[in-house]
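S.K.: Sharing input-v1.pdb below, PDB, C-alpha atoms:
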ATOM      1  CA  PHE A   1     -35.149  -7.785  -5.595
ATOM      2  CA  THR A   2     -32.311  -6.846  -7.948
ATOM      3  CA  LEU A   3     -29.769  -7.432  -5.193
ATOM      4  CA  PHE A   4     -31.324 -10.834  -4.477
ATOM      5  CA  LEU A   5     -31.149 -11.801  -8.166
ATOM      6  CA  SER A   6     -27.558 -10.579  -8.420
ATOM      7  CA  VAL A   7     -26.507 -12.708  -5.437
ATOM      8  CA  LEU A   8     -28.418 -15.670  -6.845
ATOM      9  CA  TYR A   9     -26.761 -15.345 -10.268
ATOM     10  CA  LEU A  10     -23.363 -14.879  -8.636
ATOM     11  CA  PHE A  11     -23.864 -18.041  -6.556
ATOM     12  CA  PHE A  12     -24.735 -20.177  -9.573
ATOM     13  CA  ILE A  13     -21.985 -18.679 -11.727
ATOM     14  CA  LEU A  14     -19.389 -19.372  -9.007
ATOM     15  CA  LYS A  15     -20.821 -22.857  -8.455
ATOM     16  CA  ASP A  16     -20.445 -23.822 -12.114
ATOM     17  CA  TYR A  17     -17.506 -21.549 -12.965
ATOM     18  CA  ASN A  18     -15.295 -24.281 -14.454
ATOM     19  CA  THR A  19     -18.112 -25.692 -16.572
ATOM     20  CA  ILE A  20     -19.061 -22.240 -17.854
ATOM     21  CA  THR A  21     -15.480 -21.302 -18.747
ATOM     22  CA  ASN A  22     -14.806 -24.640 -20.457
ATOM     23  CA  HIS A  23     -17.946 -24.296 -22.603
ATOM     24  CA  PHE A  24     -17.201 -20.629 -23.278
ATOM     25  CA  ILE A  25     -13.862 -21.537 -24.862
ATOM     26  CA  GLY A  26     -15.736 -23.870 -27.244
ATOM     27  CA  LEU A  27     -17.715 -20.881 -28.573
ATOM     28  CA  ILE A  28     -14.520 -19.118 -29.688
ATOM     29  CA  PRO A  29     -13.113 -19.888 -33.167
ATOM     30  CA  GLU A  30     -10.263 -22.409 -32.966
ATOM     31  CA  LYS A  31      -7.509 -20.052 -34.043
ATOM     32  CA  TYR A  32      -8.316 -17.706 -31.088
ATOM     33  CA  GLN A  33      -8.971 -20.353 -28.423
ATOM     34  CA  ILE A  34      -5.400 -20.459 -27.093
ATOM     35  CA  PHE A  35      -5.229 -16.662 -26.814
ATOM     36  CA  VAL A  36      -8.629 -16.408 -25.083
ATOM     37  CA  SER A  37      -7.776 -19.291 -22.761
ATOM     38  CA  THR A  38      -4.483 -17.630 -21.788
ATOM     39  CA  LEU A  39      -6.253 -14.304 -21.323
ATOM     40  CA  MET A  40      -8.843 -15.872 -19.017
ATOM     41  CA  GLN A  41      -6.165 -17.653 -16.966
ATOM     42  CA  ASP A  42      -4.163 -14.434 -16.583
ATOM     43  CA  LEU A  43      -7.290 -12.509 -15.603
ATOM     44  CA  GLU A  44      -8.270 -15.164 -13.069
ATOM     45  CA  GLN A  45      -4.777 -15.147 -11.550
ATOM     46  CA  GLY A  46      -4.760 -11.328 -11.419
ATOM     47  CA  MET A  47      -8.162 -11.220  -9.724
ATOM     48  CA  ASN A  48      -7.154 -13.901  -7.212
ATOM     49  CA  ASN A  49      -3.992 -11.982  -6.308
ATOM     50  CA  TYR A  50      -5.930  -8.720  -6.074
ATOM     51  CA  TYR A  51      -8.619 -10.070  -3.742
ATOM     52  CA  ARG A  52      -6.077 -11.899  -1.603
ATOM     53  CA  GLY A  53      -4.100  -8.675  -1.132
ATOM     54  CA  GLN A  54      -7.237  -6.574  -0.666
ATOM     55  CA  PHE A  55      -8.481  -8.948   2.037
ATOM     56  CA  ILE A  56      -5.215  -8.505   3.961
ATOM     57  CA  VAL A  57      -5.459  -4.709   3.635
ATOM     58  CA  VAL A  58      -9.106  -4.773   4.791
ATOM     59  CA  MET A  59      -8.256  -6.848   7.861
ATOM     60  CA  ILE A  60      -5.378  -4.567   8.904
ATOM     61  CA  VAL A  61      -7.398  -1.387   8.274
ATOM     62  CA  SER A  62     -10.339  -2.803  10.272
ATOM     63  CA  ILE A  63      -8.021  -3.412  13.211
ATOM     64  CA  LEU A  64      -6.480   0.057  12.895
ATOM     65  CA  PHE A  65      -9.893   1.761  12.783
ATOM     66  CA  SER A  66     -11.092  -0.271  15.778
ATOM     67  CA  ILE A  67      -8.004   0.778  17.763
ATOM     68  CA  GLY A  68      -8.284   4.413  16.654
ATOM     69  CA  PHE A  69     -11.993   4.617  17.479
ATOM     70  CA  SER A  70     -11.353   2.994  20.875
ATOM     71  CA  ILE A  71      -8.647   5.559  21.652
ATOM     72  CA  ILE A  72     -11.021   8.481  20.998
ATOM     73  CA  ASN A  73     -13.794   6.731  22.986
ATOM     74  CA  MET A  74     -16.275   6.410  20.142
ATOM     75  CA  PRO A  75     -19.398   4.427  21.070
ATOM     76  CA  ILE A  76     -19.391   0.911  19.545
ATOM     77  CA  ALA A  77     -15.800   1.549  18.443
ATOM     78  CA  ILE A  78     -14.874  -2.009  17.492
ATOM     79  CA  PHE A  79     -18.057  -2.569  15.489
ATOM     80  CA  MET A  80     -17.636   0.734  13.619
ATOM     81  CA  GLY A  81     -13.955  -0.016  13.032
ATOM     82  CA  ILE A  82     -14.854  -3.330  11.423
ATOM     83  CA  ILE A  83     -17.615  -1.755   9.309
ATOM     84  CA  VAL A  84     -15.408   1.104   8.072
ATOM     85  CA  GLY A  85     -12.592  -1.370   7.427
ATOM     86  CA  LEU A  86     -14.882  -3.696   5.459
ATOM     87  CA  LEU A  87     -15.942  -0.796   3.275
ATOM     88  CA  ASN A  88     -12.328  -0.823   2.045
ATOM     89  CA  ILE A  89     -13.102  -3.891  -0.049
ATOM     90  CA  VAL A  90     -13.634  -1.229  -2.697
ATOM     91  CA  PRO A  91     -10.696   1.218  -2.404
ATOM     92  CA  TYR A  92     -11.570   4.572  -0.794
ATOM     93  CA  MET A  93     -15.129   3.431  -0.032
ATOM     94  CA  GLN A  94     -14.628   3.977   3.713
ATOM     95  CA  VAL A  95     -15.822   7.531   3.030
ATOM     96  CA  ILE A  96     -19.364   6.122   3.352
ATOM     97  CA  GLY A  97     -18.572   5.369   6.999
ATOM     98  CA  ILE A  98     -17.762   8.993   7.850
ATOM     99  CA  PRO A  99     -21.347  10.287   8.416
ATOM    100  CA  PRO A 100     -22.286   7.550  10.943
ATOM    101  CA  CYS A 101     -18.968   8.102  12.722
ATOM    102  CA  ILE A 102     -19.616  11.855  12.921
ATOM    103  CA  LEU A 103     -23.088  11.182  14.321
ATOM    104  CA  LEU A 104     -21.725   8.772  16.936
ATOM    105  CA  MET A 105     -19.029  11.240  17.993
ATOM    106  CA  LEU A 106     -21.579  14.059  18.318
ATOM    107  CA  VAL A 107     -23.848  11.855  20.446
ATOM    108  CA  HIS A 108     -20.823  10.886  22.554
ATOM    109  CA  ALA A 109     -19.855  14.558  22.964
ATOM    110  CA  ILE A 110     -23.377  15.465  24.112
ATOM    111  CA  GLU A 111     -23.520  12.530  26.561
ATOM    112  CA  THR A 112     -20.127  13.221  28.115
ATOM    113  CA  GLY A 113     -20.297  17.011  27.958
ATOM    114  CA  THR A 114     -17.085  17.313  25.944
ATOM    115  CA  SER A 115     -16.621  19.746  23.122
ATOM    116  CA  PRO A 116     -18.109  18.558  19.805
ATOM    117  CA  VAL A 117     -15.263  20.311  17.995
ATOM    118  CA  TYR A 118     -12.699  18.319  19.981
ATOM    119  CA  SER A 119     -14.565  15.054  19.276
ATOM    120  CA  LEU A 120     -14.817  15.731  15.540
ATOM    121  CA  LEU A 121     -11.174  16.823  15.391
ATOM    122  CA  ALA A 122     -10.143  13.547  17.064
ATOM    123  CA  LEU A 123     -12.248  11.631  14.514
ATOM    124  CA  LEU A 124     -10.630  13.551  11.649
ATOM    125  CA  ILE A 125      -7.160  12.735  12.986
ATOM    126  CA  VAL A 126      -8.027   9.027  13.137
ATOM    127  CA  PHE A 127      -9.333   8.978   9.561
ATOM    128  CA  VAL A 128      -6.403  10.981   8.174
ATOM    129  CA  ALA A 129      -3.798   8.917  10.048
ATOM    130  CA  ILE A 130      -5.234   5.569   8.987
ATOM    131  CA  GLN A 131      -5.741   6.724   5.400
ATOM    132  CA  GLY A 132      -2.100   7.837   5.369
ATOM    133  CA  ILE A 133      -0.943   4.466   6.712
ATOM    134  CA  GLN A 134      -3.142   2.672   4.204
ATOM    135  CA  ASP A 135      -2.049   4.671   1.152
ATOM    136  CA  GLY A 136       1.573   5.189   2.130
ATOM    137  CA  LEU A 137       2.411   1.803   3.590
ATOM    138  CA  LEU A 138      -0.186  -0.955   3.348
ATOM    139  CA  VAL A 139      -1.426  -0.687  -0.244
ATOM    140  CA  PRO A 140       2.001  -0.213  -1.858
ATOM    141  CA  LYS A 141       3.621  -2.997   0.185
ATOM    142  CA  ILE A 142       0.839  -5.600   0.274
ATOM    143  CA  MET A 143      -0.815  -4.965  -3.076
ATOM    144  CA  GLY A 144       2.556  -4.358  -4.717
ATOM    145  CA  LYS A 145       3.760  -7.738  -3.496
ATOM    146  CA  GLN A 146       0.533  -9.538  -4.455
ATOM    147  CA  MET A 147       0.125  -7.891  -7.853
ATOM    148  CA  GLY A 148       3.784  -7.390  -8.752
ATOM    149  CA  LEU A 149       3.336  -3.618  -9.177
ATOM    150  CA  ASN A 150       5.248  -0.737  -7.623
ATOM    151  CA  ALA A 151       3.564   1.937  -5.505
ATOM    152  CA  ALA A 152       3.518   4.644  -8.182
ATOM    153  CA  ILE A 153       1.758   2.383 -10.696
ATOM    154  CA  ILE A 154      -0.772   1.276  -8.062
ATOM    155  CA  LEU A 155      -1.727   4.844  -7.133
ATOM    156  CA  LEU A 156      -1.742   5.989 -10.783
ATOM    157  CA  SER A 157      -3.885   3.017 -11.793
ATOM    158  CA  LEU A 158      -6.412   3.613  -8.997
ATOM    159  CA  SER A 159      -6.587   7.307  -9.862
ATOM    160  CA  ILE A 160      -7.069   6.849 -13.601
ATOM    161  CA  PHE A 161      -9.533   3.966 -13.429
ATOM    162  CA  GLY A 162     -11.442   5.624 -10.565
ATOM    163  CA  MET A 163     -11.764   8.855 -12.521
ATOM    164  CA  LEU A 164     -12.821   7.081 -15.726
ATOM    165  CA  PHE A 165     -15.166   4.412 -14.368
ATOM    166  CA  GLY A 166     -16.012   5.453 -10.793
ATOM    167  CA  VAL A 167     -16.461   2.716  -8.187
ATOM    168  CA  ILE A 168     -16.273  -0.067 -10.780
ATOM    169  CA  GLY A 169     -12.972   1.412 -11.950
ATOM    170  CA  LEU A 170     -11.553   1.191  -8.432
ATOM    171  CA  ILE A 171     -12.485  -2.490  -8.307
ATOM    172  CA  ILE A 172     -10.998  -3.421 -11.688
ATOM    173  CA  ALA A 173      -8.012  -1.031 -11.669
ATOM    174  CA  LEU A 174      -5.263  -3.262 -10.305
ATOM    175  CA  PRO A 175      -6.223  -6.544 -12.009
ATOM    176  CA  THR A 176      -6.627  -4.752 -15.346
ATOM    177  CA  THR A 177      -3.312  -2.925 -14.941
ATOM    178  CA  THR A 178      -1.571  -6.191 -14.099
ATOM    179  CA  LEU A 179      -3.141  -7.818 -17.151
ATOM    180  CA  MET A 180      -2.127  -4.926 -19.433
ATOM    181  CA  ILE A 181       1.467  -4.994 -18.183
ATOM    182  CA  SER A 182       1.595  -8.771 -18.548
ATOM    183  CA  TYR A 183       0.404  -8.611 -22.147
ATOM    184  CA  TYR A 184       2.683  -5.688 -22.909
ATOM    185  CA  LYS A 185       5.674  -7.741 -21.748
ATOM    186  CA  ARG A 186       4.438 -10.902 -23.440
ATOM    187  CA  TYR A 187       3.477  -9.542 -26.856
ATOM    188  CA  ILE A 188       4.913  -6.040 -27.414
ATOM    189  CA  LEU A 189       8.367  -6.428 -25.889
ATOM    190  CA  LYS A 190       8.666  -9.976 -27.225
ATOM    191  CA  SER A 191       7.870  -8.831 -30.813
ATOM    192  CA  VAL A 192      10.332  -5.905 -30.530
ATOM    193  CA  ASN A 193      13.137  -8.210 -29.416
TER     194      ASN A 193
END
Just give me the structure as structure tokens.

M.R.:
Amino acid sequence: FTLFLSVLYLFFILKDYNTITNHFIGLIPEKYQIFVSTLMQDLEQGMNNYYRGQFIVVMIVSILFSIGFSIINMPIAIFMGIIVGLLNIVPYMQVIGIPPCILLMLVHAIETGTSPVYSLLALLIVFVAIQGIQDGLLVPKIMGKQMGLNAAIILLSLSIFGMLFGVIGLIIALPTTTLMISYYKRYILKSVN
């Protein structure tokens, strides 16, 4: 029921987003309206860039997992590759896909008579290899280009926000970091110079 209400609220908020934001600005005292309006525009741009980049990463990772699972002959490899890839909408959430993958590989090992250790080792190699490609290549290149951040700041931001706020922190890490850097350059460096 809560999930249904959340989706319902989200639908109506997205439907009337412009109206809500325009009326929200009217609730702010006049001397702060320009600042709040600029803040909201920067946040919206940061979130748009983040989700655009994250969608590209999710699509590539889904394809990589589908290929990797097909190579090790996992049952329903393409479907599981897409599911595990889609879990990457929240960074590092593909960990939830590990137990079903282990179960499928064990069932496959029993059906084919292969060693369960070999099957699980092959699964581990796929996960480690794709995670390495994702963290070492895809996220720094794609998200760095979309968000305007370098790889070290991306990984540091995800680590700090993830440790402080958990899953929500992983979702808001890059847009918030981009916003903080933007305001640091706009207000702190500008006032120093």

S.K.: Name the residues that the PyMOL selection byres ((chain A and resi 127-134) around 9) picks from the file above, as a list in words, using the file's chain letters and numbers.

M.R.: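 Checking the PyMOL selection byres ((chain A and resi 127-134) around 9) against this file, the residues are Val57, Ile60, Val61, Leu64, Phe65, Gly68, Tyr92, Ile98, Ala122, Leu123, Leu124, Ile125, Val126, Asp135, Gly136, Leu137, Leu138, Val139 and Pro140 of chain A.
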
S.K.: Go ahead and dump the residues you just picked, C-alpha atoms, as a PDB file, keeping the file's coordinate frame.

M.R.:
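Final file, out.pdb:
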ATOM      1  CA  VAL A  57      -5.459  -4.709   3.635  1.00  0.00           C
ATOM      2  CA  ILE A  60      -5.378  -4.567   8.904  1.00  0.00           C
ATOM      3  CA  VAL A  61      -7.398  -1.387   8.274  1.00  0.00           C
ATOM      4  CA  LEU A  64      -6.480   0.057  12.895  1.00  0.00           C
ATOM      5  CA  PHE A  65      -9.893   1.761  12.783  1.00  0.00           C
ATOM      6  CA  GLY A  68      -8.284   4.413  16.654  1.00  0.00           C
ATOM      7  CA  TYR A  92     -11.570   4.572  -0.794  1.00  0.00           C
ATOM      8  CA  ILE A  98     -17.762   8.993   7.850  1.00  0.00           C
ATOM      9  CA  ALA A 122     -10.143  13.547  17.064  1.00  0.00           C
ATOM     10  CA  LEU A 123     -12.248  11.631  14.514  1.00  0.00           C
ATOM     11  CA  LEU A 124     -10.630  13.551  11.649  1.00  0.00           C
ATOM     12  CA  ILE A 125      -7.160  12.735  12.986  1.00  0.00           C
ATOM     13  CA  VAL A 126      -8.027   9.027  13.137  1.00  0.00           C
ATOM     14  CA  ASP A 135      -2.049   4.671   1.152  1.00  0.00           C
ATOM     15  CA  GLY A 136       1.573   5.189   2.130  1.00  0.00           C
ATOM     16  CA  LEU A 137       2.411   1.803   3.590  1.00  0.00           C
ATOM     17  CA  LEU A 138      -0.186  -0.955   3.348  1.00  0.00           C
ATOM     18  CA  VAL A 139      -1.426  -0.687  -0.244  1.00  0.00           C
ATOM     19  CA  PRO A 140       2.001  -0.213  -1.858  1.00  0.00           C
TER      20      PRO A 140
END

S.K.: Go through A:Gln54, A:Leu3, A:Ile25, A:Asn88 one by one, measure the shortest atom-to-atom distance of each to A:Met40 using only C-alpha atoms, and give the residue with the smallest value.

M.R.: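 The answer is A:Ile25, which sits nearest to A:Met40.
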
S.K.: Atom CA of A:Ser159 to atom CA of A:Gly144: how many Å, to one decimal?

M.R.: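 Taking atom CA of A:Ser159 as the start and atom CA of A:Gly144 as the end point, the length is 15.7 Å.
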
S.K.: Can you tell me which residues surround A:Thr114 at a distance of at most 12 Å, considering all atoms listed in the file, apart from same-chain residues fewer than 6 positions away, and format the answer as a count of residues only?

M.R.: 8

S.K.: Hey, what's within 8 Å of stretch 155-157 of chain A if we count all atoms listed in the file and toss same-chain stuff fewer than 4 positions away? As a PyMOL selection string, please?

M.R.: chain A and resi 151+161+173-174+177

S.K.: In Å to one decimal, how far is atom CA of A:Val7 from atom CA of A:Gln41?

M.R.: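 Distance between the two atoms: 23.9 Å.
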
S.K.: Rounded to one decimal, what separation in Å do you get between atom CA of A:Asn150 and atom CA of A:Leu170?

M.R.: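 Separation between atom CA of A:Asn150 and atom CA of A:Leu170: 16.9 Å.
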
S.K.: Find the residues around A:Gly85 up to 8 Å (all atoms listed in the file counted), leave out those fewer than 3 positions away in its own chain, and share them as a list in words.

M.R.: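 Here the qualifying residues turn out to be Val58, Met59, Val61, Ser62, Ile63, Phe65, Gly81, Ile82, Asn88, Ile89 and Gln94 of chain A.
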
S.K.: Hey, what's within 10 Å of A:Met47 if we count only C-alpha atoms and toss same-chain stuff fewer than 6 positions away? As a list in words, please?

M.R.: Gln41, Gly53, Met147, Ile171, Ile172, Leu174, Pro175, Thr176, Thr178 and Leu179 of chain A

S.K.: Now that the selection is made, can you save its residues with C-alpha atoms as an mmCIF file, in the frame of the given file?

M.R.:
data_model
loop_
_atom_site.group_PDB
_atom_site.id
_atom_site.type_symbol
_atom_site.label_atom_id
_atom_site.label_comp_id
_atom_site.auth_asym_id
_atom_site.auth_seq_id
_atom_site.Cartn_x
_atom_site.Cartn_y
_atom_site.Cartn_z
ATOM 1 C CA GLN A 41 -6.165 -17.653 -16.966
ATOM 2 C CA GLY A 53 -4.100 -8.675 -1.132
ATOM 3 C CA MET A 147 0.125 -7.891 -7.853
ATOM 4 C CA ILE A 171 -12.485 -2.490 -8.307
ATOM 5 C CA ILE A 172 -10.998 -3.421 -11.688
ATOM 6 C CA LEU A 174 -5.263 -3.262 -10.305
ATOM 7 C CA PRO A 175 -6.223 -6.544 -12.009
ATOM 8 C CA THR A 176 -6.627 -4.752 -15.346
ATOM 9 C CA THR A 178 -1.571 -6.191 -14.099
ATOM 10 C CA LEU A 179 -3.141 -7.818 -17.151
#

S.K.: Take every atom of stretch 112-127 of chain A listed in the file, pad by 3 Å on each side, and give me the axis-aligned box centre and edge lengths in Å, one decimal, as JSON.

M.R.:
{"center_x": -13.7, "center_y": 14.6, "center_z": 18.8, "size_x": 19.1, "size_y": 17.3, "size_z": 24.6}
